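Chemist: Following this line is coords-v2.pdb, made up of PDB, C-alpha atoms and all ligand atoms:
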```pdb
MODEL        1
ATOM      1  CA  MET A   1       0.000   0.000   0.000  1.00  0.00           C
ATOM      2  CA  TYR A   2       1.481   3.301  -1.171  1.00  0.00           C
ATOM      3  CA  ILE A   3       1.359   5.965   1.574  1.00  0.00           C
ATOM      4  CA  LYS A   4       1.681   9.699   0.865  1.00  0.00           C
ATOM      5  CA  ILE A   5       1.800  12.334   3.592  1.00  0.00           C
ATOM      6  CA  CYS A   6       0.905  15.685   2.101  1.00  0.00           C
ATOM      7  CA  GLY A   7       1.220  19.335   3.130  1.00  0.00           C
ATOM      8  CA  ILE A   8       4.803  19.163   4.412  1.00  0.00           C
ATOM      9  CA  THR A   9       6.312  22.572   5.216  1.00  0.00           C
ATOM     10  CA  LYS A  10       8.920  21.864   7.917  1.00  0.00           C
ATOM     11  CA  LEU A  11      12.321  20.185   7.555  1.00  0.00           C
ATOM     12  CA  ASP A  12      12.340  18.388  10.937  1.00  0.00           C
ATOM     13  CA  GLN A  13       8.880  16.932  10.278  1.00  0.00           C
ATOM     14  CA  ALA A  14       9.873  15.855   6.742  1.00  0.00           C
ATOM     15  CA  GLN A  15      12.924  14.040   8.146  1.00  0.00           C
ATOM     16  CA  ALA A  16      10.921  12.298  10.876  1.00  0.00           C
ATOM     17  CA  ILE A  17       8.104  11.254   8.521  1.00  0.00           C
ATOM     18  CA  ALA A  18      10.487  10.056   5.784  1.00  0.00           C
ATOM     19  CA  GLN A  19      11.940   7.568   8.272  1.00  0.00           C
ATOM     20  CA  MET A  20       8.537   6.031   9.051  1.00  0.00           C
ATOM     21  CA  GLY A  21       8.544   3.980   5.845  1.00  0.00           C
ATOM     22  CA  VAL A  22       6.125   6.146   3.863  1.00  0.00           C
ATOM     23  CA  ASN A  23       6.361   6.216   0.043  1.00  0.00           C
ATOM     24  CA  ALA A  24       5.909   9.915  -0.599  1.00  0.00           C
ATOM     25  CA  LEU A  25       5.947  13.396   0.861  1.00  0.00           C
ATOM     26  CA  GLY A  26       3.724  16.034  -0.744  1.00  0.00           C
ATOM     27  CA  PHE A  27       4.424  19.759  -1.010  1.00  0.00           C
ATOM     28  CA  ILE A  28       1.638  22.228  -1.799  1.00  0.00           C
ATOM     29  CA  CYS A  29       2.796  24.559  -4.587  1.00  0.00           C
ATOM     30  CA  VAL A  30      -0.522  26.459  -4.569  1.00  0.00           C
ATOM     31  CA  ARG A  31      -0.067  30.033  -3.334  1.00  0.00           C
ATOM     32  CA  ALA A  32      -3.620  30.383  -2.012  1.00  0.00           C
ATOM     33  CA  SER A  33      -3.232  27.380   0.315  1.00  0.00           C
ATOM     34  CA  PRO A  34      -2.313  27.770   3.993  1.00  0.00           C
ATOM     35  CA  ARG A  35       0.091  24.872   3.319  1.00  0.00           C
ATOM     36  CA  TYR A  36       1.905  26.676   0.491  1.00  0.00           C
ATOM     37  CA  ILE A  37       5.664  26.198   0.428  1.00  0.00           C
ATOM     38  CA  SER A  38       8.013  27.930  -2.022  1.00  0.00           C
ATOM     39  CA  ALA A  39      10.312  26.038  -4.409  1.00  0.00           C
ATOM     40  CA  THR A  40      13.331  27.358  -2.483  1.00  0.00           C
ATOM     41  CA  ALA A  41      11.991  26.026   0.816  1.00  0.00           C
ATOM     42  CA  ILE A  42      11.122  22.656  -0.780  1.00  0.00           C
ATOM     43  CA  ALA A  43      14.679  22.495  -2.155  1.00  0.00           C
ATOM     44  CA  GLN A  44      16.099  22.846   1.369  1.00  0.00           C
ATOM     45  CA  ILE A  45      14.017  19.859   2.472  1.00  0.00           C
ATOM     46  CA  THR A  46      14.663  17.670  -0.598  1.00  0.00           C
ATOM     47  CA  SER A  47      18.426  18.279  -0.552  1.00  0.00           C
ATOM     48  CA  SER A  48      18.606  17.429   3.142  1.00  0.00           C
ATOM     49  CA  LEU A  49      16.628  14.203   2.563  1.00  0.00           C
ATOM     50  CA  LEU A  50      18.884  13.236  -0.349  1.00  0.00           C
ATOM     51  CA  ALA A  51      21.969  13.860   1.774  1.00  0.00           C
ATOM     52  CA  ALA A  52      20.583  11.596   4.519  1.00  0.00           C
ATOM     53  CA  GLN A  53      19.545   8.816   2.124  1.00  0.00           C
ATOM     54  CA  SER A  54      22.680   6.712   2.244  1.00  0.00           C
ATOM     55  CA  GLU A  55      22.723   6.538   6.084  1.00  0.00           C
ATOM     56  CA  ILE A  56      19.011   6.076   6.671  1.00  0.00           C
ATOM     57  CA  ALA A  57      18.181   3.760   3.766  1.00  0.00           C
ATOM     58  CA  GLU A  58      19.830   0.839   5.604  1.00  0.00           C
ATOM     59  CA  ASP A  59      17.218   0.945   8.394  1.00  0.00           C
ATOM     60  CA  SER A  60      14.386   2.190   6.234  1.00  0.00           C
ATOM     61  CA  PRO A  61      14.654   0.791   2.662  1.00  0.00           C
ATOM     62  CA  LYS A  62      11.654   2.808   1.394  1.00  0.00           C
ATOM     63  CA  PHE A  63      13.574   5.995   2.174  1.00  0.00           C
ATOM     64  CA  ALA A  64      15.806   5.379  -0.846  1.00  0.00           C
ATOM     65  CA  GLU A  65      12.794   5.390  -3.157  1.00  0.00           C
ATOM     66  CA  LEU A  66      10.879   8.203  -1.495  1.00  0.00           C
ATOM     67  CA  ASP A  67       8.748  10.188  -3.954  1.00  0.00           C
ATOM     68  CA  LEU A  68       8.826  13.966  -3.540  1.00  0.00           C
ATOM     69  CA  ILE A  69       5.560  15.220  -4.978  1.00  0.00           C
ATOM     70  CA  GLY A  70       4.650  18.799  -5.875  1.00  0.00           C
ATOM     71  CA  VAL A  71       0.907  19.553  -5.786  1.00  0.00           C
ATOM     72  CA  PHE A  72      -0.252  22.099  -8.419  1.00  0.00           C
ATOM     73  CA  LEU A  73      -3.600  23.703  -9.230  1.00  0.00           C
ATOM     74  CA  ASN A  74      -4.140  24.834 -12.841  1.00  0.00           C
ATOM     75  CA  ALA A  75      -0.484  25.919 -13.083  1.00  0.00           C
ATOM     76  CA  SER A  76       1.286  26.559 -16.408  1.00  0.00           C
ATOM     77  CA  PHE A  77       3.880  24.206 -17.981  1.00  0.00           C
ATOM     78  CA  SER A  78       6.605  26.737 -17.230  1.00  0.00           C
ATOM     79  CA  GLU A  79       5.662  27.152 -13.554  1.00  0.00           C
ATOM     80  CA  ILE A  80       5.548  23.379 -13.051  1.00  0.00           C
ATOM     81  CA  CYS A  81       8.826  22.720 -14.908  1.00  0.00           C
ATOM     82  CA  GLU A  82      10.665  25.516 -13.081  1.00  0.00           C
ATOM     83  CA  THR A  83       9.421  24.295  -9.689  1.00  0.00           C
ATOM     84  CA  VAL A  84      10.356  20.678 -10.441  1.00  0.00           C
ATOM     85  CA  THR A  85      13.893  21.728 -11.359  1.00  0.00           C
ATOM     86  CA  GLN A  86      14.398  24.192  -8.528  1.00  0.00           C
ATOM     87  CA  ALA A  87      12.763  22.106  -5.795  1.00  0.00           C
ATOM     88  CA  GLY A  88      14.188  18.679  -6.770  1.00  0.00           C
ATOM     89  CA  LEU A  89      10.813  16.965  -7.177  1.00  0.00           C
ATOM     90  CA  ASN A  90      10.336  13.617  -8.931  1.00  0.00           C
ATOM     91  CA  ALA A  91       6.527  13.587  -9.101  1.00  0.00           C
ATOM     92  CA  ILE A  92       3.676  15.972  -9.872  1.00  0.00           C
ATOM     93  CA  GLN A  93       0.103  15.957  -8.600  1.00  0.00           C
ATOM     94  CA  LEU A  94      -2.346  18.011 -10.674  1.00  0.00           C
ATOM     95  CA  HIS A  95      -5.253  19.015  -8.431  1.00  0.00           C
ATOM     96  CA  GLY A  96      -7.189  21.412 -10.707  1.00  0.00           C
ATOM     97  CA  ASP A  97      -9.129  21.208 -13.973  1.00  0.00           C
ATOM     98  CA  GLU A  98      -6.206  19.938 -16.079  1.00  0.00           C
ATOM     99  CA  SER A  99      -7.353  17.925 -19.132  1.00  0.00           C
ATOM    100  CA  PRO A 100      -5.969  14.530 -20.279  1.00  0.00           C
ATOM    101  CA  GLU A 101      -4.276  16.421 -23.169  1.00  0.00           C
ATOM    102  CA  PHE A 102      -2.592  18.776 -20.691  1.00  0.00           C
ATOM    103  CA  CYS A 103      -1.315  15.784 -18.690  1.00  0.00           C
ATOM    104  CA  ASP A 104       0.043  14.133 -21.831  1.00  0.00           C
ATOM    105  CA  GLN A 105       1.820  17.277 -23.037  1.00  0.00           C
ATOM    106  CA  LEU A 106       3.148  18.033 -19.555  1.00  0.00           C
ATOM    107  CA  ARG A 107       4.744  14.588 -19.412  1.00  0.00           C
ATOM    108  CA  SER A 108       6.583  15.318 -22.683  1.00  0.00           C
ATOM    109  CA  HIS A 109       7.818  18.639 -21.284  1.00  0.00           C
ATOM    110  CA  LEU A 110       8.885  17.093 -17.982  1.00  0.00           C
ATOM    111  CA  SER A 111      10.609  14.086 -19.502  1.00  0.00           C
ATOM    112  CA  ALA A 112      13.329  16.434 -20.749  1.00  0.00           C
ATOM    113  CA  ILE A 113      14.018  17.226 -17.064  1.00  0.00           C
ATOM    114  CA  ASN A 114      13.473  13.724 -15.678  1.00  0.00           C
ATOM    115  CA  PRO A 115      12.313  10.840 -17.940  1.00  0.00           C
ATOM    116  CA  LYS A 116      11.110   8.907 -14.869  1.00  0.00           C
ATOM    117  CA  ILE A 117       8.888  11.683 -13.535  1.00  0.00           C
ATOM    118  CA  LYS A 118       5.562  10.439 -12.105  1.00  0.00           C
ATOM    119  CA  LEU A 119       2.282  12.139 -12.900  1.00  0.00           C
ATOM    120  CA  ILE A 120      -0.752  11.939 -10.613  1.00  0.00           C
ATOM    121  CA  LYS A 121      -4.124  13.410 -11.549  1.00  0.00           C
ATOM    122  CA  ALA A 122      -6.428  14.330  -8.674  1.00  0.00           C
ATOM    123  CA  LEU A 123     -10.171  14.271  -9.272  1.00  0.00           C
ATOM    124  CA  ARG A 124     -12.499  15.970  -6.816  1.00  0.00           C
ATOM    125  CA  VAL A 125     -15.405  13.571  -6.870  1.00  0.00           C
ATOM    126  CA  ARG A 126     -18.935  14.813  -6.235  1.00  0.00           C
ATOM    127  CA  ASP A 127     -20.900  11.830  -7.553  1.00  0.00           C
ATOM    128  CA  GLN A 128     -20.809   8.738  -9.776  1.00  0.00           C
ATOM    129  CA  ALA A 129     -20.671  10.901 -12.936  1.00  0.00           C
ATOM    130  CA  GLY A 130     -17.526  12.639 -11.621  1.00  0.00           C
ATOM    131  CA  LEU A 131     -15.945   9.266 -11.017  1.00  0.00           C
ATOM    132  CA  GLU A 132     -16.417   8.285 -14.692  1.00  0.00           C
ATOM    133  CA  GLN A 133     -13.831  10.965 -15.608  1.00  0.00           C
ATOM    134  CA  ALA A 134     -11.099   8.760 -14.178  1.00  0.00           C
ATOM    135  CA  HIS A 135     -11.171   6.580 -17.304  1.00  0.00           C
ATOM    136  CA  LEU A 136     -10.150   9.557 -19.456  1.00  0.00           C
ATOM    137  CA  PHE A 137      -6.873   9.862 -17.539  1.00  0.00           C
ATOM    138  CA  SER A 138      -5.850   6.267 -16.885  1.00  0.00           C
ATOM    139  CA  ASN A 139      -3.625   6.063 -20.003  1.00  0.00           C
ATOM    140  CA  VAL A 140      -1.799   9.349 -19.488  1.00  0.00           C
ATOM    141  CA  VAL A 141      -0.947   9.313 -15.758  1.00  0.00           C
ATOM    142  CA  ASP A 142       0.771   6.962 -13.308  1.00  0.00           C
ATOM    143  CA  ALA A 143      -1.978   7.184 -10.710  1.00  0.00           C
ATOM    144  CA  ILE A 144      -5.375   8.752 -10.162  1.00  0.00           C
ATOM    145  CA  LEU A 145      -6.075  10.298  -6.801  1.00  0.00           C
ATOM    146  CA  LEU A 146      -9.673  10.681  -5.647  1.00  0.00           C
ATOM    147  CA  ASP A 147     -10.395  13.582  -3.305  1.00  0.00           C
ATOM    148  CA  ALA A 148     -13.632  14.997  -1.898  1.00  0.00           C
ATOM    149  CA  TYR A 149     -15.422  17.811  -3.696  1.00  0.00           C
ATOM    150  CA  ASP A 150     -15.848  21.140  -1.932  1.00  0.00           C
ATOM    151  CA  PRO A 151     -17.401  24.167  -3.676  1.00  0.00           C
ATOM    152  CA  HIS A 152     -15.015  26.622  -1.987  1.00  0.00           C
ATOM    153  CA  MET A 153     -11.709  24.767  -1.443  1.00  0.00           C
ATOM    154  CA  ALA A 154      -9.556  22.870  -3.928  1.00  0.00           C
ATOM    155  CA  GLY A 155      -7.982  20.470  -1.428  1.00  0.00           C
ATOM    156  CA  GLY A 156      -6.878  19.850   2.124  1.00  0.00           C
ATOM    157  CA  THR A 157     -10.546  20.124   3.114  1.00  0.00           C
ATOM    158  CA  GLY A 158     -10.636  17.229   5.579  1.00  0.00           C
ATOM    159  CA  LYS A 159     -13.871  16.115   3.889  1.00  0.00           C
ATOM    160  CA  THR A 160     -14.408  12.471   2.897  1.00  0.00           C
ATOM    161  CA  LEU A 161     -16.034  11.434  -0.353  1.00  0.00           C
ATOM    162  CA  ASP A 162     -18.771   8.826  -0.567  1.00  0.00           C
ATOM    163  CA  TRP A 163     -16.721   5.628  -0.248  1.00  0.00           C
ATOM    164  CA  GLN A 164     -19.737   3.487  -1.201  1.00  0.00           C
ATOM    165  CA  ILE A 165     -19.492   4.624  -4.844  1.00  0.00           C
ATOM    166  CA  LEU A 166     -15.851   3.451  -4.928  1.00  0.00           C
ATOM    167  CA  ARG A 167     -16.487  -0.178  -4.021  1.00  0.00           C
ATOM    168  CA  ASP A 168     -16.243  -1.327  -7.657  1.00  0.00           C
ATOM    169  CA  PHE A 169     -13.857   1.380  -8.843  1.00  0.00           C
ATOM    170  CA  ARG A 170     -11.142  -0.345 -10.925  1.00  0.00           C
ATOM    171  CA  PRO A 171      -9.395   2.045 -13.350  1.00  0.00           C
ATOM    172  CA  ASN A 172      -6.638   0.811 -15.698  1.00  0.00           C
ATOM    173  CA  CYS A 173      -3.957   2.411 -13.541  1.00  0.00           C
ATOM    174  CA  ASP A 174      -3.181   2.685  -9.837  1.00  0.00           C
ATOM    175  CA  TRP A 175      -5.524   4.814  -7.785  1.00  0.00           C
ATOM    176  CA  TRP A 176      -5.089   6.454  -4.404  1.00  0.00           C
ATOM    177  CA  LEU A 177      -7.758   7.487  -1.937  1.00  0.00           C
ATOM    178  CA  ALA A 178      -7.559  10.969  -0.387  1.00  0.00           C
ATOM    179  CA  GLY A 179      -9.976  13.294   1.357  1.00  0.00           C
ATOM    180  CA  GLY A 180     -10.557  13.445   5.090  1.00  0.00           C
ATOM    181  CA  LEU A 181      -8.486  10.368   5.981  1.00  0.00           C
ATOM    182  CA  SER A 182      -7.172  10.108   9.538  1.00  0.00           C
ATOM    183  CA  PRO A 183      -6.027   7.449  12.036  1.00  0.00           C
ATOM    184  CA  GLU A 184      -9.694   7.234  13.111  1.00  0.00           C
ATOM    185  CA  ASN A 185     -11.136   6.172   9.748  1.00  0.00           C
ATOM    186  CA  VAL A 186      -8.312   4.772   7.585  1.00  0.00           C
ATOM    187  CA  ALA A 187      -8.873   1.104   8.551  1.00  0.00           C
ATOM    188  CA  GLU A 188     -12.544   1.387   7.561  1.00  0.00           C
ATOM    189  CA  ALA A 189     -11.608   3.050   4.255  1.00  0.00           C
ATOM    190  CA  ILE A 190      -9.120   0.301   3.366  1.00  0.00           C
ATOM    191  CA  ALA A 191     -11.599  -2.441   4.278  1.00  0.00           C
ATOM    192  CA  LEU A 192     -14.323  -0.867   2.130  1.00  0.00           C
ATOM    193  CA  VAL A 193     -12.529   0.261  -1.022  1.00  0.00           C
ATOM    194  CA  ASN A 194      -9.000  -1.247  -0.990  1.00  0.00           C
ATOM    195  CA  PRO A 195      -7.147   1.434  -3.005  1.00  0.00           C
ATOM    196  CA  ASN A 196      -3.530   1.093  -4.234  1.00  0.00           C
ATOM    197  CA  GLY A 197      -2.518   4.100  -2.172  1.00  0.00           C
ATOM    198  CA  LEU A 198      -3.593   6.504   0.550  1.00  0.00           C
ATOM    199  CA  ASP A 199      -2.992  10.219   0.833  1.00  0.00           C
ATOM    200  CA  VAL A 200      -3.513  12.220   4.015  1.00  0.00           C
ATOM    201  CA  SER A 201      -3.001  15.844   4.976  1.00  0.00           C
ATOM    202  CA  SER A 202      -5.282  17.645   7.440  1.00  0.00           C
ATOM    203  CA  GLY A 203      -6.173  14.454   9.373  1.00  0.00           C
ATOM    204  CA  VAL A 204      -2.603  14.253  10.749  1.00  0.00           C
ATOM    205  CA  GLU A 205      -2.046  17.954  11.507  1.00  0.00           C
ATOM    206  CA  ARG A 206      -1.937  20.234  14.555  1.00  0.00           C
ATOM    207  CA  ALA A 207      -2.607  23.218  12.282  1.00  0.00           C
ATOM    208  CA  ALA A 208      -2.450  23.740   8.500  1.00  0.00           C
ATOM    209  CA  GLY A 209       1.065  22.770   7.364  1.00  0.00           C
ATOM    210  CA  ASP A 210       2.131  21.671  10.868  1.00  0.00           C
ATOM    211  CA  LYS A 211       2.122  17.878  11.007  1.00  0.00           C
ATOM    212  CA  ASP A 212       1.432  15.976  14.220  1.00  0.00           C
ATOM    213  CA  VAL A 213       4.230  13.430  13.918  1.00  0.00           C
ATOM    214  CA  THR A 214       2.616  11.064  16.453  1.00  0.00           C
ATOM    215  CA  LYS A 215      -0.602  11.027  14.436  1.00  0.00           C
ATOM    216  CA  VAL A 216       1.346  10.428  11.224  1.00  0.00           C
ATOM    217  CA  GLU A 217       3.027   7.432  12.864  1.00  0.00           C
ATOM    218  CA  GLN A 218      -0.346   6.028  13.995  1.00  0.00           C
ATOM    219  CA  PHE A 219      -1.693   6.482  10.472  1.00  0.00           C
ATOM    220  CA  VAL A 220       1.264   4.651   8.907  1.00  0.00           C
ATOM    221  CA  GLN A 221       1.076   1.796  11.413  1.00  0.00           C
ATOM    222  CA  LEU A 222      -2.647   1.366  10.803  1.00  0.00           C
ATOM    223  CA  CYS A 223      -2.139   1.257   7.021  1.00  0.00           C
ATOM    224  CA  ASN A 224       0.611  -1.320   7.380  1.00  0.00           C
ATOM    225  CA  SER A 225      -1.324  -3.509   9.802  1.00  0.00           C
ATOM    226  CA  CYS A 226      -4.363  -3.507   7.478  1.00  0.00           C
ATOM    227  CA  ARG A 227      -2.104  -4.584   4.623  1.00  0.00           C
ATOM    228  CA  TYR A 228      -0.503  -7.403   6.665  1.00  0.00           C
ATOM    229  CA  ARG A 229      -3.977  -8.573   7.760  1.00  0.00           C
ATOM    230  CA  ALA A 230      -5.105  -8.636   4.116  1.00  0.00           C
ATOM    231  CA  LEU A 231      -2.052 -10.773   3.267  1.00  0.00           C
ATOM    232  CA  GLY A 232      -2.895 -13.112   6.169  1.00  0.00           C
ATOM    233  CA  LEU A 233       0.346 -12.290   8.055  1.00  0.00           C
TER     234      LEU A 233
HETATM  235  O1  LIG B   1      -3.783  20.858   1.221  1.00  0.00           O
HETATM  236  C1  LIG B   1      -4.044  21.873   0.573  1.00  0.00           C
HETATM  237  O2  LIG B   1      -4.079  22.983   1.101  1.00  0.00           O
HETATM  238  C2  LIG B   1      -4.333  21.744  -0.902  1.00  0.00           C
HETATM  239  C3  LIG B   1      -4.496  22.903  -1.647  1.00  0.00           C
HETATM  240  C4  LIG B   1      -4.747  22.820  -3.003  1.00  0.00           C
HETATM  241  C5  LIG B   1      -4.833  21.589  -3.635  1.00  0.00           C
HETATM  242  C6  LIG B   1      -4.672  20.422  -2.892  1.00  0.00           C
HETATM  243  C7  LIG B   1      -4.436  20.470  -1.545  1.00  0.00           C
HETATM  244  N1  LIG B   1      -4.295  19.326  -0.771  1.00  0.00           N
HETATM  245  C8  LIG B   1      -4.639  18.004  -1.191  1.00  0.00           C
HETATM  246  O3  LIG B   1      -5.910  17.660  -0.686  1.00  0.00           O
HETATM  247  C9  LIG B   1      -5.995  16.255  -0.524  1.00  0.00           C
HETATM  248  C10 LIG B   1      -6.771  15.846   0.700  1.00  0.00           C
HETATM  249  O4  LIG B   1      -6.428  16.521   1.837  1.00  0.00           O
HETATM  250  P1  LIG B   1      -7.086  16.163   3.271  1.00  0.00           P
HETATM  251  O5  LIG B   1      -6.436  14.888   3.748  1.00  0.00           O
HETATM  252  O6  LIG B   1      -8.555  16.030   3.084  1.00  0.00           O
HETATM  253  O7  LIG B   1      -6.725  17.310   4.150  1.00  0.00           O
HETATM  254  C11 LIG B   1      -4.582  15.744  -0.561  1.00  0.00           C
HETATM  255  O8  LIG B   1      -4.428  15.070  -1.792  1.00  0.00           O
HETATM  256  C12 LIG B   1      -3.714  16.962  -0.604  1.00  0.00           C
HETATM  257  O9  LIG B   1      -2.666  16.712  -1.506  1.00  0.00           O
ENDMDL
END
```
The structure given in the file should be rewritten as structure tokens.
Modeler:
Amino acid sequence: MYIKICGITKLDQAQAIAQMGVNALGFICVRASPRYISATAIAQITSSLLAAQSEIAEDSPKFAELDLIGVFLNASFSEICETVTQAGLNAIQLHGDESPEFCDQLRSHLSAINPKIKLIKALRVRDQAGLEQAHLFSNVVDAILLDAYDPHMAGGTGKTLDWQILRDFRPNCDWWLAGGLSPENVAEAIALVNPNGLDVSSGVERAAGDKDVTKVEQFVQLCNSCRYRALGL
């Protein structure tokens, strides 16, 4: 189970969370968000994590493959490419109204910077019809992320989507569940919809952009224990 902890803004928290065996850290590159972090500040975190990789990877093998994901909302090619280069990111999450064509063209642009770059398209799902959109993206992205719809906020809302409509959701690519996850409800979410990955932000925070490291640890342990139970271990 792929685990992404999003809304990282602080170096000490990034270092602590990276050692918990998560797969990805997310950085909000959306200026209007209370979790916004500049490319320069992301670069300080990513370079420190890279420097620590050789020591820590022995105890925590996932650390060596940690994805560093920038979250964008209707940003231009040039803004995304500049941020990727400056911040040292290896994955992009598009959280706005980006089309499948935009995703496809962005991948071509980004492959000149990093041919292995990962592309994640977030869909803010209101109903079954919104869910159908996922099929338009499954050939042009590495993963689809499903978040809750909110009329006023683009993300980090802490709202859950209707998990019942996801019970038979099987796109042709990996998909991750987001939206209002927390240590309190993640086991139920996994049992009901069994996604390939999980993404959490506000459910493991003290305040916007300030992660509660103890809650993050609980979240990660719960995800792992659900996975081991599913494997019969
Ligand atoms: O977190 C934000 O402020 C944000 C702003 C703009 C776009 C996306 C944002 N966050 C994403 O929202 C989801 C779910 O967050 P939560 O767990 O419900 O708080 C997650 O994918 C974040 O990447």
Chemist: Could you please extract the residues within 9 Å of ligand LIG 1 (chain B), counting only C-alpha atoms and all ligand atoms, and hand them back as a VMD selection string?
Modeler: chain A and resid 4 to 7 26 to 36 70 to 73 93 to 96 122 145 to 148 153 to 160 177 to 182 198 to 205 208 to 209
Chemist: One decimal, Å: what's the distance from atom CA of A:Val22 over to atom CA of A:Tyr2, could you say?
Modeler: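 The value is 7.4 Å.
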Chemist: Any chance you could work out the residue set of the PyMOL selection byres (((chain A and resi 44) around 12) and not hetatm) here, as a PDB file with C-alpha atoms, in the frame of the given file?
Modeler:
```pdb
ATOM      1  CA  THR A   9       6.312  22.572   5.216  1.00  0.00           C
ATOM      2  CA  LYS A  10       8.920  21.864   7.917  1.00  0.00           C
ATOM      3  CA  LEU A  11      12.321  20.185   7.555  1.00  0.00           C
ATOM      4  CA  ASP A  12      12.340  18.388  10.937  1.00  0.00           C
ATOM      5  CA  ALA A  14       9.873  15.855   6.742  1.00  0.00           C
ATOM      6  CA  GLN A  15      12.924  14.040   8.146  1.00  0.00           C
ATOM      7  CA  ILE A  37       5.664  26.198   0.428  1.00  0.00           C
ATOM      8  CA  SER A  38       8.013  27.930  -2.022  1.00  0.00           C
ATOM      9  CA  ALA A  39      10.312  26.038  -4.409  1.00  0.00           C
ATOM     10  CA  THR A  40      13.331  27.358  -2.483  1.00  0.00           C
ATOM     11  CA  ALA A  41      11.991  26.026   0.816  1.00  0.00           C
ATOM     12  CA  ILE A  42      11.122  22.656  -0.780  1.00  0.00           C
ATOM     13  CA  ALA A  43      14.679  22.495  -2.155  1.00  0.00           C
ATOM     14  CA  ILE A  45      14.017  19.859   2.472  1.00  0.00           C
ATOM     15  CA  THR A  46      14.663  17.670  -0.598  1.00  0.00           C
ATOM     16  CA  SER A  47      18.426  18.279  -0.552  1.00  0.00           C
ATOM     17  CA  SER A  48      18.606  17.429   3.142  1.00  0.00           C
ATOM     18  CA  LEU A  49      16.628  14.203   2.563  1.00  0.00           C
ATOM     19  CA  LEU A  50      18.884  13.236  -0.349  1.00  0.00           C
ATOM     20  CA  ALA A  51      21.969  13.860   1.774  1.00  0.00           C
ATOM     21  CA  GLN A  86      14.398  24.192  -8.528  1.00  0.00           C
ATOM     22  CA  ALA A  87      12.763  22.106  -5.795  1.00  0.00           C
ATOM     23  CA  GLY A  88      14.188  18.679  -6.770  1.00  0.00           C
ATOM     24  CA  LEU A  89      10.813  16.965  -7.177  1.00  0.00           C
TER      25      LEU A  89
END
```
Chemist: List the residues matched by the PyMOL selection byres (((chain A and resi 118) around 9) and not hetatm) in the displayed structure as a ChimeraX atom specification, ordered by chain and then by residue number.
Modeler: /A:67,69,90-93,107,115-117,119-120,141-143
Chemist: For a quick check of your reading of the model, name the residues lying within 8 Å of the coordinate (-17.4, -1.1, 0.7), counting all atoms listed in the file, and write them as a short mmCIF file (atom, residue, chain, number, x, y, z; two decimals) with C-alpha atoms, in the coordinates of the input.
Modeler:
```cif
data_model
loop_
_atom_site.label_atom_id
_atom_site.label_comp_id
_atom_site.auth_asym_id
_atom_site.auth_seq_id
_atom_site.Cartn_x
_atom_site.Cartn_y
_atom_site.Cartn_z
CA TRP A 163 -16.72 5.63 -0.25
CA GLN A 164 -19.74 3.49 -1.20
CA LEU A 166 -15.85 3.45 -4.93
CA ARG A 167 -16.49 -0.18 -4.02
CA ALA A 189 -11.61 3.05 4.26
CA ALA A 191 -11.60 -2.44 4.28
CA LEU A 192 -14.32 -0.87 2.13
CA VAL A 193 -12.53 0.26 -1.02
#
```
Chemist: So, counting only C-alpha atoms, which residue among A:Glu188, A:Thr214, A:Ser225, A:Leu106 is closest to A:Met20?
Modeler: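 Comparing A:Glu188, A:Thr214, A:Ser225, A:Leu106 against A:Met20, the winner is A:Thr214.
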Chemist: Tell me, in Å to one decimal, how far atom CA of A:Asp210 is from atom CA of A:Ala18.
Modeler: 15.2 Å
Chemist: Restricting the calculation to all atoms listed in the file: of A:Asn224, A:Thr83, A:Ser99, A:Gln218, which residue gets closest to A:Ile17?
Modeler: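 Nearest candidate to A:Ile17 out of A:Asn224, A:Thr83, A:Ser99, A:Gln218: A:Gln218.
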Chemist: When you draw a straight line from atom CA of A:Glu55 to atom CA of A:Leu25, how long is it in Å?
Modeler: 18.9 Å
Chemist: Go through A:Leu123, A:Leu161, A:Leu66, A:Ile144 one by one, measure the shortest atom-to-atom distance of each to A:Gly197 using only C-alpha atoms, and give the residue with the smallest value.
Modeler: A:Ile144
Chemist: Kindly indicate which residue among A:Met1, A:Pro151, A:Lys62, A:Leu68 lies nearest to A:Leu222, using only C-alpha atoms for the distances.
Modeler: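 Comparing A:Met1, A:Pro151, A:Lys62, A:Leu68 against A:Leu222, the winner is A:Met1.
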Chemist: Using all atoms of stretch 160-164 of chain A listed in the file and a margin of 6 Å per side, can you give the axis-aligned box centre and edge lengths in Å to one decimal, as AutoDock Vina command-line options?
Modeler:
```
--center_x -17.1 --center_y 8.0 --center_z 0.8 --size_x 17.3 --size_y 21.0 --size_z 16.1
```
Chemist: Measuring atom to atom with all atoms listed in the file, identify which of A:Asp162, A:Tyr149, A:Asn172, A:Cys103 is nearest to A:His135.
Modeler: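 That would be A:Asn172, the residue with the smallest distance to A:His135.
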Chemist: From the set A:Asp150, A:His109, A:Asp212, A:Asn23, which residue has the shortest atom-to-atom contact distance to A:Asp127, counting only C-alpha atoms?
Modeler: A:Asp150
